[in-house]
$ cat work-v6.cif   # mmCIF, C-alpha atoms
data_work
#
loop_
_atom_site.label_atom_id
_atom_site.label_comp_id
_atom_site.auth_asym_id
_atom_site.auth_seq_id
_atom_site.Cartn_x
_atom_site.Cartn_y
_atom_site.Cartn_z
CA SER A 1 184.08 52.02 125.54
CA ALA A 2 183.43 49.49 128.29
CA VAL A 3 181.89 46.07 127.72
CA ILE A 4 178.92 44.78 129.74
CA SER A 5 178.33 41.07 130.18
CA GLN A 6 174.66 40.37 130.89
CA LYS A 7 173.16 37.06 131.90
CA PRO A 8 171.05 35.12 131.41
CA SER A 9 170.53 35.90 127.73
CA ARG A 10 167.06 34.41 127.82
CA ASP A 11 164.79 32.54 130.18
CA ILE A 12 161.32 31.06 130.30
CA CYS A 13 159.73 31.34 133.72
CA GLN A 14 156.54 30.33 135.44
CA ARG A 15 154.03 32.83 136.73
CA GLY A 16 154.67 33.84 140.34
CA THR A 17 158.39 33.14 140.34
CA SER A 18 161.29 35.61 140.34
CA LEU A 19 164.31 36.03 138.07
CA THR A 20 167.54 37.87 138.79
CA ILE A 21 169.50 39.37 135.90
CA GLN A 22 173.17 40.21 136.34
CA CYS A 23 175.37 42.75 134.60
CA GLN A 24 179.14 42.89 134.93
CA VAL A 25 181.13 45.77 133.44
CA ASP A 26 184.79 45.34 132.55
CA SER A 27 185.67 48.76 134.00
CA GLN A 28 184.30 51.16 136.57
CA VAL A 29 181.34 53.23 135.43
CA THR A 30 179.58 56.07 137.16
CA MET A 31 176.09 55.40 135.94
CA MET A 32 174.21 52.15 135.41
CA PHE A 33 170.66 51.92 134.16
CA TRP A 34 168.03 49.24 133.69
CA TYR A 35 165.59 49.37 130.77
CA ARG A 36 162.61 47.34 129.67
CA GLN A 37 161.69 46.82 126.04
CA GLN A 38 158.26 45.33 125.55
CA PRO A 39 157.56 43.48 122.29
CA GLY A 40 157.65 45.82 119.32
CA GLN A 41 158.26 48.89 121.46
CA SER A 42 161.10 51.20 122.36
CA LEU A 43 163.09 51.28 125.58
CA THR A 44 161.58 52.45 128.87
CA LEU A 45 163.85 53.34 131.78
CA ILE A 46 163.05 51.29 134.88
CA ALA A 47 165.60 52.75 137.28
CA THR A 48 169.06 54.12 137.82
CA ALA A 49 171.24 51.79 139.87
CA ASN A 50 173.14 53.77 142.51
CA GLN A 51 176.33 52.38 143.98
CA GLY A 52 175.91 51.65 147.68
CA SER A 53 172.40 53.07 147.98
CA GLU A 54 168.82 52.47 146.87
CA ALA A 55 168.06 52.70 143.17
CA THR A 56 166.12 55.64 141.73
CA TYR A 57 162.93 54.36 140.12
CA GLU A 58 160.97 55.94 137.29
CA SER A 59 157.28 56.55 137.47
CA GLY A 60 155.35 53.30 137.24
CA PHE A 61 158.14 51.11 138.59
CA VAL A 62 158.52 50.12 142.25
CA ILE A 63 161.22 48.52 144.33
CA ASP A 64 159.05 45.63 145.49
CA LYS A 65 158.53 44.52 141.89
CA PHE A 66 162.00 45.34 140.53
CA PRO A 67 164.57 45.26 143.35
CA ILE A 68 167.99 46.41 142.16
CA SER A 69 171.40 46.02 143.72
CA ARG A 70 174.67 47.75 142.90
CA PRO A 71 177.32 46.75 145.42
CA ASN A 72 180.21 48.33 143.47
CA LEU A 73 181.02 50.35 140.35
CA THR A 74 181.21 47.34 138.03
CA PHE A 75 178.24 45.13 138.96
CA SER A 76 174.45 45.37 139.21
CA THR A 77 171.47 43.05 139.41
CA LEU A 78 167.80 43.48 138.58
CA THR A 79 165.20 41.07 139.97
CA VAL A 80 161.81 40.73 138.36
CA SER A 81 159.59 39.55 141.21
CA ASN A 82 156.31 37.64 141.29
CA MET A 83 156.26 37.49 137.52
CA SER A 84 153.19 37.56 135.31
CA PRO A 85 152.91 37.19 131.51
CA GLU A 86 152.85 41.01 131.26
CA ASP A 87 156.49 41.01 132.41
CA SER A 88 157.54 39.24 129.21
CA SER A 89 160.04 41.67 127.69
CA ILE A 90 163.66 42.24 126.90
CA TYR A 91 165.51 43.68 129.90
CA LEU A 92 168.66 45.66 129.21
CA CYS A 93 171.33 47.10 131.42
CA SER A 94 173.47 50.01 130.32
CA GLY A 95 176.31 52.09 131.60
CA SER A 96 178.08 55.38 131.17
CA THR A 97 181.00 57.18 132.79
CA GLY A 98 178.96 60.36 132.61
CA ALA A 99 181.59 62.21 130.57
CA SER A 100 180.15 64.62 128.02
CA ASN A 101 181.36 62.62 125.01
CA GLU A 102 180.75 59.20 126.51
CA LYS A 103 178.47 56.93 124.57
CA LEU A 104 175.85 54.94 126.43
CA PHE A 105 176.74 51.25 126.11
CA PHE A 106 174.52 48.24 126.63
CA GLY A 107 174.57 44.64 127.68
CA SER A 108 173.27 42.09 125.19
CA GLY A 109 169.86 41.92 126.85
CA THR A 110 167.79 39.27 128.63
CA GLN A 111 164.77 37.99 126.73
CA LEU A 112 162.22 36.95 129.37
CA SER A 113 159.10 34.93 128.65
CA VAL A 114 156.60 34.31 131.46
CA LEU A 115 154.11 31.49 131.04
CA LYS B 1 158.16 66.18 129.17
CA GLN B 2 160.54 65.15 126.38
CA GLU B 3 159.03 63.02 123.64
CA VAL B 4 161.06 61.46 120.86
CA THR B 5 159.50 60.28 117.61
CA GLN B 6 161.05 58.49 114.66
CA ILE B 7 159.74 58.42 111.12
CA PRO B 8 159.29 56.16 109.28
CA ALA B 9 158.48 53.29 111.63
CA ALA B 10 159.60 50.80 108.99
CA LEU B 11 161.52 51.04 105.75
CA SER B 12 162.42 48.53 103.07
CA VAL B 13 164.92 49.48 100.36
CA PRO B 14 166.99 47.73 97.69
CA GLU B 15 170.69 47.32 98.28
CA GLY B 16 172.82 50.30 97.27
CA GLU B 17 170.29 53.01 98.02
CA ASN B 18 171.13 56.02 100.13
CA LEU B 19 168.56 56.56 102.85
CA VAL B 20 167.59 58.97 105.60
CA LEU B 21 166.09 58.16 108.98
CA ASN B 22 164.42 60.92 110.96
CA CYS B 23 164.24 61.67 114.68
CA SER B 24 162.19 64.47 116.25
CA PHE B 25 162.20 65.66 119.84
CA THR B 26 159.87 68.09 121.58
CA ASP B 27 162.25 69.82 124.01
CA SER B 28 165.25 71.46 122.35
CA ALA B 29 167.15 71.79 125.65
CA ILE B 30 169.24 68.69 125.05
CA TYR B 31 172.76 67.80 126.14
CA ASN B 32 173.44 65.30 123.38
CA LEU B 33 171.78 62.86 121.01
CA GLN B 34 172.82 59.32 120.15
CA TRP B 35 171.90 56.97 117.35
CA PHE B 36 171.83 53.24 118.12
CA ARG B 37 171.46 50.06 116.17
CA GLN B 38 169.59 47.04 117.55
CA ASP B 39 169.59 43.62 115.96
CA PRO B 40 166.59 41.35 116.69
CA GLY B 41 166.56 40.11 120.29
CA LYS B 42 169.84 41.83 121.06
CA GLY B 43 171.18 44.82 122.94
CA LEU B 44 171.95 48.22 121.46
CA THR B 45 175.15 49.38 119.82
CA SER B 46 175.93 53.09 119.81
CA LEU B 47 176.64 54.36 116.30
CA LEU B 48 177.10 58.10 116.64
CA LEU B 49 176.90 60.69 119.41
CA ILE B 50 176.29 64.38 118.65
CA GLN B 51 176.83 67.00 121.31
CA SER B 52 174.31 69.84 121.49
CA SER B 53 176.95 72.26 120.15
CA GLN B 54 177.68 70.12 117.09
CA ARG B 55 175.90 70.00 113.74
CA GLU B 56 176.94 66.58 112.53
CA GLN B 57 179.05 63.49 113.10
CA THR B 58 180.33 60.95 110.60
CA SER B 59 181.45 57.35 110.89
CA GLY B 60 182.13 55.43 107.70
CA ARG B 61 178.93 55.30 105.65
CA LEU B 62 176.92 56.92 108.43
CA ASN B 63 176.33 60.62 108.92
CA ALA B 64 174.15 62.09 111.63
CA SER B 65 173.04 65.71 111.71
CA LEU B 66 171.44 67.74 114.46
CA ASP B 67 169.24 70.82 114.26
CA LYS B 68 168.56 71.52 117.89
CA SER B 69 166.40 74.60 117.35
CA SER B 70 163.94 72.68 115.22
CA GLY B 71 164.14 69.55 117.36
CA ARG B 72 165.35 67.27 114.59
CA SER B 73 168.13 64.83 113.80
CA THR B 74 168.70 62.70 110.73
CA LEU B 75 170.78 59.59 110.19
CA TYR B 76 172.04 59.23 106.64
CA ILE B 77 173.18 55.81 105.47
CA ALA B 78 175.10 55.76 102.21
CA ALA B 79 175.16 52.81 99.82
CA SER B 80 173.01 50.59 102.04
CA GLN B 81 173.86 46.89 102.43
CA PRO B 82 171.83 43.87 103.63
CA GLY B 83 174.00 43.88 106.76
CA ASP B 84 172.52 47.28 107.64
CA SER B 85 169.15 45.61 108.28
CA ALA B 86 168.26 46.32 111.92
CA THR B 87 166.22 48.68 114.06
CA TYR B 88 167.70 52.15 114.46
CA LEU B 89 166.88 54.17 117.57
CA CYS B 90 167.72 57.71 118.53
CA ALA B 91 167.95 58.85 122.13
CA VAL B 92 168.26 62.31 123.63
CA LYS B 93 169.81 63.35 126.90
CA GLY B 94 168.32 66.49 128.37
CA SER B 95 170.31 69.34 129.84
CA GLY B 96 170.66 68.90 133.57
CA THR B 97 169.75 65.23 133.54
CA TYR B 98 171.62 61.97 133.19
CA LYS B 99 168.73 60.11 131.59
CA TYR B 100 168.23 59.25 127.94
CA ILE B 101 164.78 59.25 126.35
CA PHE B 102 164.51 56.83 123.45
CA GLY B 103 162.61 57.20 120.22
CA THR B 104 160.18 54.70 118.82
CA GLY B 105 162.69 53.26 116.33
CA THR B 106 162.84 52.64 112.58
CA ARG B 107 162.97 49.02 111.38
CA LEU B 108 165.16 48.93 108.30
CA LYS B 109 165.33 46.09 105.83
CA VAL B 110 167.83 46.24 102.97
CA LEU B 111 167.04 43.79 100.21
CA ALA B 112 169.82 42.02 98.32
#
$ encode --input "work-v6.cif" --output "structure tokens"
Amino acid sequence: SAVISQKPSRDICQRGTSLTIQCQVDSQVTMMFWYRQQPGQSLTLIATANQGSEATYESGFVIDKFPISRPNLTFSTLTVSNMSPEDSSIYLCSGSTGASNEKLFFGSGTQLSVL
Amino acid sequence: KQEVTQIPAALSVPEGENLVLNCSFTDSAIYNLQWFRQDPGKGLTSLLLIQSSQREQTSGRLNASLDKSSGRSTLYIAASQPGDSATYLCAVKGSGTYKYIFGTGTRLKVLA
């Protein structure tokens, strides 16, 4: 399966600032997703990154807080805006070709701490 | 709304034991189910994928089964090793959707 390079791997940020996370896939993928994993919890889908159009956000997540870009089939960014300590989480990008037997594969994650 | 639950939440076993992790889902209309491994502070690695039409999948010491009608999947790990220590998550993809819903995870610790 494809490999996703995600960066940064971790960051410590001040309240009120923004952080952009990047994911680069080594081959074209149909679907890219962004997840949040709060401490000790499972993964929650933030949004589906759509190539060339606005992302599709899940309930409870809004574009102003988590703007997403996907300019092509191999690259996507997630920005966490106007951060607060409650945004401290692991953020993960993932991808899939959408084929029936295709496993969902993940980047290595970004561990974000907001002071 | 699909809900995915994993039992137990945590498990500690001595090296060499065979063990079973459980995953339950509320809506049996699934497309497939995947089991993942997550090491602390890291991303997820897909272990096994079972299509809705399949009963089980095997990879090395791992065997995953699926009983769609009862909304259950199990991950069997044979002859556990300390290197198996990680969090194991299951995720289901519903029919007619591209999204995966993740379970709550089982934190496994294998003692040497």
$ closest_atom_pairs --input "work-v6.cif" --of "chain B" --to "chain A" --cutoff "9 Å" --atoms "only C-alpha atoms" --output "tab-separated table"
residue	atom	partner	partner_atom	distance
B:Tyr31	CA	A:Ser100	CA	8.3
B:Asn32	CA	A:Ser100	CA	8.2
B:Gln34	CA	A:Lys103	CA	7.6
B:Gly41	CA	A:Gln111	CA	7.0
B:Lys42	CA	A:Ser108	CA	5.4
B:Gly43	CA	A:Ser108	CA	4.1
B:Leu44	CA	A:Phe106	CA	5.8
B:Thr45	CA	A:Phe105	CA	6.8
B:Ser46	CA	A:Phe105	CA	6.6
B:Leu47	CA	A:Lys103	CA	8.9
B:Leu48	CA	A:Lys103	CA	8.1
B:Leu49	CA	A:Lys103	CA	6.6
B:Ile50	CA	A:Asn101	CA	8.3
B:Gln51	CA	A:Asn101	CA	7.3
B:Leu89	CA	A:Ser42	CA	8.1
B:Tyr98	CA	A:Gly98	CA	7.5
B:Lys99	CA	A:Leu45	CA	8.3
B:Tyr100	CA	A:Leu45	CA	8.3
B:Ile101	CA	A:Thr44	CA	7.9
B:Phe102	CA	A:Leu43	CA	6.1
B:Gly103	CA	A:Ser42	CA	6.5
B:Thr104	CA	A:Ser42	CA	5.1
B:Gly105	CA	A:Ser42	CA	6.6
$ atom_distance --input "work-v6.cif" --atom1 "atom CA of B:Val13" --atom2 "atom CA of B:Ala91"
23.9 Å
$ resolve_selection --input "work-v6.cif" --expression "the PyMOL selection byres ((chain A and resi 69-72) around 12)" --output "ChimeraX atom specification"
/A:20-25,27-34,47-56,63,66-68,73-79,93
$ resolve_selection --input "work-v6.cif" --expression "the PyMOL selection byres ((chain B and resi 73) around 12)" --output "PyMOL selection string"
chain B and resi 4-7+20-26+28+30+32-35+48-52+54-57+63-72+74-76+89-92+103
$ resolve_selection --input "work-v6.cif" --expression "the PyMOL selection byres ((chain A and resi 88) around 10)" --output "ChimeraX atom specification"
/A:11-13,36-39,83-87,89-91,111-115
$ atom_distance --input "work-v6.cif" --atom1 "atom CA of B:Lys109" --atom2 "atom CA of B:Gln38"
12.5 Å
$ residues_around --input "work-v6.cif" --residues "B:Leu108" --least-positions-apart "5" --cutoff "12 Å" --atoms "all atoms listed in the file" --output "list of chain:residue names"
B:Ile7, B:Pro8, B:Ala9, B:Ala10, B:Leu11, B:Ser12, B:Val13, B:Pro14, B:Glu15, B:Leu19, B:Val20, B:Leu21, B:Arg37, B:Gln38, B:Asp39, B:Pro40, B:Ile77, B:Ser80, B:Gln81, B:Pro82, B:Gly83, B:Asp84, B:Ser85, B:Ala86, B:Thr87, B:Tyr88, B:Leu89
$ write_last_selection --input "work-v6.cif" --atoms "C-alpha atoms" --output "PDB file, in the frame of the given file"
ATOM      1  CA  ILE B   7     159.740  58.420 111.120  1.00  0.00           C
ATOM      2  CA  PRO B   8     159.290  56.160 109.280  1.00  0.00           C
ATOM      3  CA  ALA B   9     158.480  53.290 111.630  1.00  0.00           C
ATOM      4  CA  ALA B  10     159.600  50.800 108.990  1.00  0.00           C
ATOM      5  CA  LEU B  11     161.520  51.040 105.750  1.00  0.00           C
ATOM      6  CA  SER B  12     162.420  48.530 103.070  1.00  0.00           C
ATOM      7  CA  VAL B  13     164.920  49.480 100.360  1.00  0.00           C
ATOM      8  CA  PRO B  14     166.990  47.730  97.690  1.00  0.00           C
ATOM      9  CA  GLU B  15     170.690  47.320  98.280  1.00  0.00           C
ATOM     10  CA  LEU B  19     168.560  56.560 102.850  1.00  0.00           C
ATOM     11  CA  VAL B  20     167.590  58.970 105.600  1.00  0.00           C
ATOM     12  CA  LEU B  21     166.090  58.160 108.980  1.00  0.00           C
ATOM     13  CA  ARG B  37     171.460  50.060 116.170  1.00  0.00           C
ATOM     14  CA  GLN B  38     169.590  47.040 117.550  1.00  0.00           C
ATOM     15  CA  ASP B  39     169.590  43.620 115.960  1.00  0.00           C
ATOM     16  CA  PRO B  40     166.590  41.350 116.690  1.00  0.00           C
ATOM     17  CA  ILE B  77     173.180  55.810 105.470  1.00  0.00           C
ATOM     18  CA  SER B  80     173.010  50.590 102.040  1.00  0.00           C
ATOM     19  CA  GLN B  81     173.860  46.890 102.430  1.00  0.00           C
ATOM     20  CA  PRO B  82     171.830  43.870 103.630  1.00  0.00           C
ATOM     21  CA  GLY B  83     174.000  43.880 106.760  1.00  0.00           C
ATOM     22  CA  ASP B  84     172.520  47.280 107.640  1.00  0.00           C
ATOM     23  CA  SER B  85     169.150  45.610 108.280  1.00  0.00           C
ATOM     24  CA  ALA B  86     168.260  46.320 111.920  1.00  0.00           C
ATOM     25  CA  THR B  87     166.220  48.680 114.060  1.00  0.00           C
ATOM     26  CA  TYR B  88     167.700  52.150 114.460  1.00  0.00           C
ATOM     27  CA  LEU B  89     166.880  54.170 117.570  1.00  0.00           C
TER      28      LEU B  89
END
$ closest_residue --input "work-v6.cif" --among "B:Leu111, B:Ala29, B:Glu17, B:Thr58" --to "B:Thr97" --atoms "only C-alpha atoms"
B:Ala29
$ atom_distance --input "work-v6.cif" --atom1 "atom CA of A:Glu58" --atom2 "atom CA of A:Ile4"
22.4 Å
$ build_atoms --input "work-v6.cif" --residues "stretch 51-62 of chain B" --atoms "all heavy atoms" --output "JSON list (two decimals), in the frame of the given file"
[["chain", "number", "residue", "atom", "x", "y", "z"],
["B", 51, "GLN", "N", 177.01, 66.06, 120.21],
["B", 51, "GLN", "CA", 176.83, 67.00, 121.31],
["B", 51, "GLN", "C", 175.89, 68.11, 120.86],
["B", 51, "GLN", "O", 175.76, 68.38, 119.67],
["B", 51, "GLN", "CB", 178.18, 67.60, 121.71],
["B", 51, "GLN", "CG", 179.21, 66.59, 122.17],
["B", 51, "GLN", "CD", 178.89, 65.99, 123.51],
["B", 51, "GLN", "OE1", 177.93, 66.37, 124.18],
["B", 51, "GLN", "NE2", 179.68, 65.02, 123.92],
["B", 52, "SER", "N", 175.28, 68.79, 121.82],
["B", 52, "SER", "CA", 174.31, 69.84, 121.49],
["B", 52, "SER", "C", 174.95, 70.99, 120.70],
["B", 52, "SER", "O", 174.26, 71.68, 119.94],
["B", 52, "SER", "CB", 173.66, 70.39, 122.75],
["B", 52, "SER", "OG", 174.64, 70.97, 123.58],
["B", 53, "SER", "N", 176.25, 71.17, 120.85],
["B", 53, "SER", "CA", 176.95, 72.26, 120.15],
["B", 53, "SER", "C", 177.40, 71.87, 118.75],
["B", 53, "SER", "O", 177.90, 72.71, 118.00],
["B", 53, "SER", "CB", 178.18, 72.69, 120.96],
["B", 53, "SER", "OG", 179.04, 71.58, 121.14],
["B", 54, "GLN", "N", 177.22, 70.60, 118.39],
["B", 54, "GLN", "CA", 177.68, 70.12, 117.09],
["B", 54, "GLN", "C", 176.53, 70.07, 116.09],
["B", 54, "GLN", "O", 175.36, 69.97, 116.46],
["B", 54, "GLN", "CB", 178.31, 68.72, 117.24],
["B", 54, "GLN", "CG", 179.55, 68.72, 118.12],
["B", 54, "GLN", "CD", 180.08, 67.32, 118.36],
["B", 54, "GLN", "OE1", 179.31, 66.37, 118.51],
["B", 54, "GLN", "NE2", 181.40, 67.20, 118.41],
["B", 55, "ARG", "N", 176.91, 70.08, 114.80],
["B", 55, "ARG", "CA", 175.90, 70.00, 113.74],
["B", 55, "ARG", "C", 175.82, 68.61, 113.13],
["B", 55, "ARG", "O", 174.77, 68.20, 112.65],
["B", 55, "ARG", "CB", 176.24, 71.02, 112.65],
["B", 55, "ARG", "CG", 176.22, 72.45, 113.11],
["B", 55, "ARG", "CD", 174.82, 72.98, 113.28],
["B", 55, "ARG", "NE", 174.09, 73.03, 112.02],
["B", 55, "ARG", "CZ", 172.87, 73.54, 111.91],
["B", 55, "ARG", "NH1", 172.25, 74.01, 112.97],
["B", 55, "ARG", "NH2", 172.26, 73.55, 110.74],
["B", 56, "GLU", "N", 176.97, 67.91, 113.11],
["B", 56, "GLU", "CA", 176.94, 66.58, 112.53],
["B", 56, "GLU", "C", 178.14, 65.76, 113.00],
["B", 56, "GLU", "O", 179.13, 66.29, 113.51],
["B", 56, "GLU", "CB", 176.92, 66.65, 111.00],
["B", 56, "GLU", "CG", 178.15, 67.24, 110.35],
["B", 56, "GLU", "CD", 178.02, 67.23, 108.83],
["B", 56, "GLU", "OE1", 177.54, 66.23, 108.26],
["B", 56, "GLU", "OE2", 178.42, 68.22, 108.22],
["B", 57, "GLN", "N", 177.99, 64.44, 112.81],
["B", 57, "GLN", "CA", 179.05, 63.49, 113.10],
["B", 57, "GLN", "C", 179.03, 62.43, 112.00],
["B", 57, "GLN", "O", 177.96, 62.07, 111.50],
["B", 57, "GLN", "CB", 178.83, 62.81, 114.46],
["B", 57, "GLN", "CG", 179.20, 63.63, 115.66],
["B", 57, "GLN", "CD", 180.70, 63.80, 115.84],
["B", 57, "GLN", "OE1", 181.47, 62.88, 115.55],
["B", 57, "GLN", "NE2", 181.11, 64.97, 116.27],
["B", 58, "THR", "N", 180.22, 61.94, 111.67],
["B", 58, "THR", "CA", 180.33, 60.95, 110.60],
["B", 58, "THR", "C", 181.14, 59.76, 111.08],
["B", 58, "THR", "O", 182.11, 59.91, 111.82],
["B", 58, "THR", "CB", 181.00, 61.57, 109.37],
["B", 58, "THR", "OG1", 180.19, 62.64, 108.89],
["B", 58, "THR", "CG2", 181.17, 60.54, 108.26],
["B", 59, "SER", "N", 180.70, 58.57, 110.63],
["B", 59, "SER", "CA", 181.45, 57.35, 110.89],
["B", 59, "SER", "C", 181.23, 56.42, 109.71],
["B", 59, "SER", "O", 180.15, 55.86, 109.54],
["B", 59, "SER", "CB", 181.00, 56.68, 112.18],
["B", 59, "SER", "OG", 181.68, 55.45, 112.38],
["B", 60, "GLY", "N", 182.26, 56.29, 108.87],
["B", 60, "GLY", "CA", 182.13, 55.43, 107.70],
["B", 60, "GLY", "C", 181.01, 55.88, 106.78],
["B", 60, "GLY", "O", 180.98, 57.03, 106.33],
["B", 61, "ARG", "N", 180.07, 54.98, 106.53],
["B", 61, "ARG", "CA", 178.93, 55.30, 105.65],
["B", 61, "ARG", "C", 177.79, 56.02, 106.37],
["B", 61, "ARG", "O", 176.76, 56.31, 105.77],
["B", 61, "ARG", "CB", 178.40, 54.00, 105.03],
["B", 61, "ARG", "CG", 179.38, 53.31, 104.08],
["B", 61, "ARG", "CD", 178.76, 52.08, 103.44],
["B", 61, "ARG", "NE", 178.52, 51.02, 104.41],
["B", 61, "ARG", "CZ", 177.29, 50.65, 104.81],
["B", 61, "ARG", "NH1", 176.22, 51.25, 104.33],
["B", 61, "ARG", "NH2", 177.16, 49.68, 105.68],
["B", 62, "LEU", "N", 177.96, 56.30, 107.63],
["B", 62, "LEU", "CA", 176.92, 56.92, 108.43],
["B", 62, "LEU", "C", 177.24, 58.39, 108.69],
["B", 62, "LEU", "O", 178.38, 58.73, 108.98],
["B", 62, "LEU", "CB", 176.78, 56.21, 109.78],
["B", 62, "LEU", "CG", 176.54, 54.72, 109.76],
["B", 62, "LEU", "CD1", 176.45, 54.19, 111.19],
["B", 62, "LEU", "CD2", 175.29, 54.37, 108.99]]
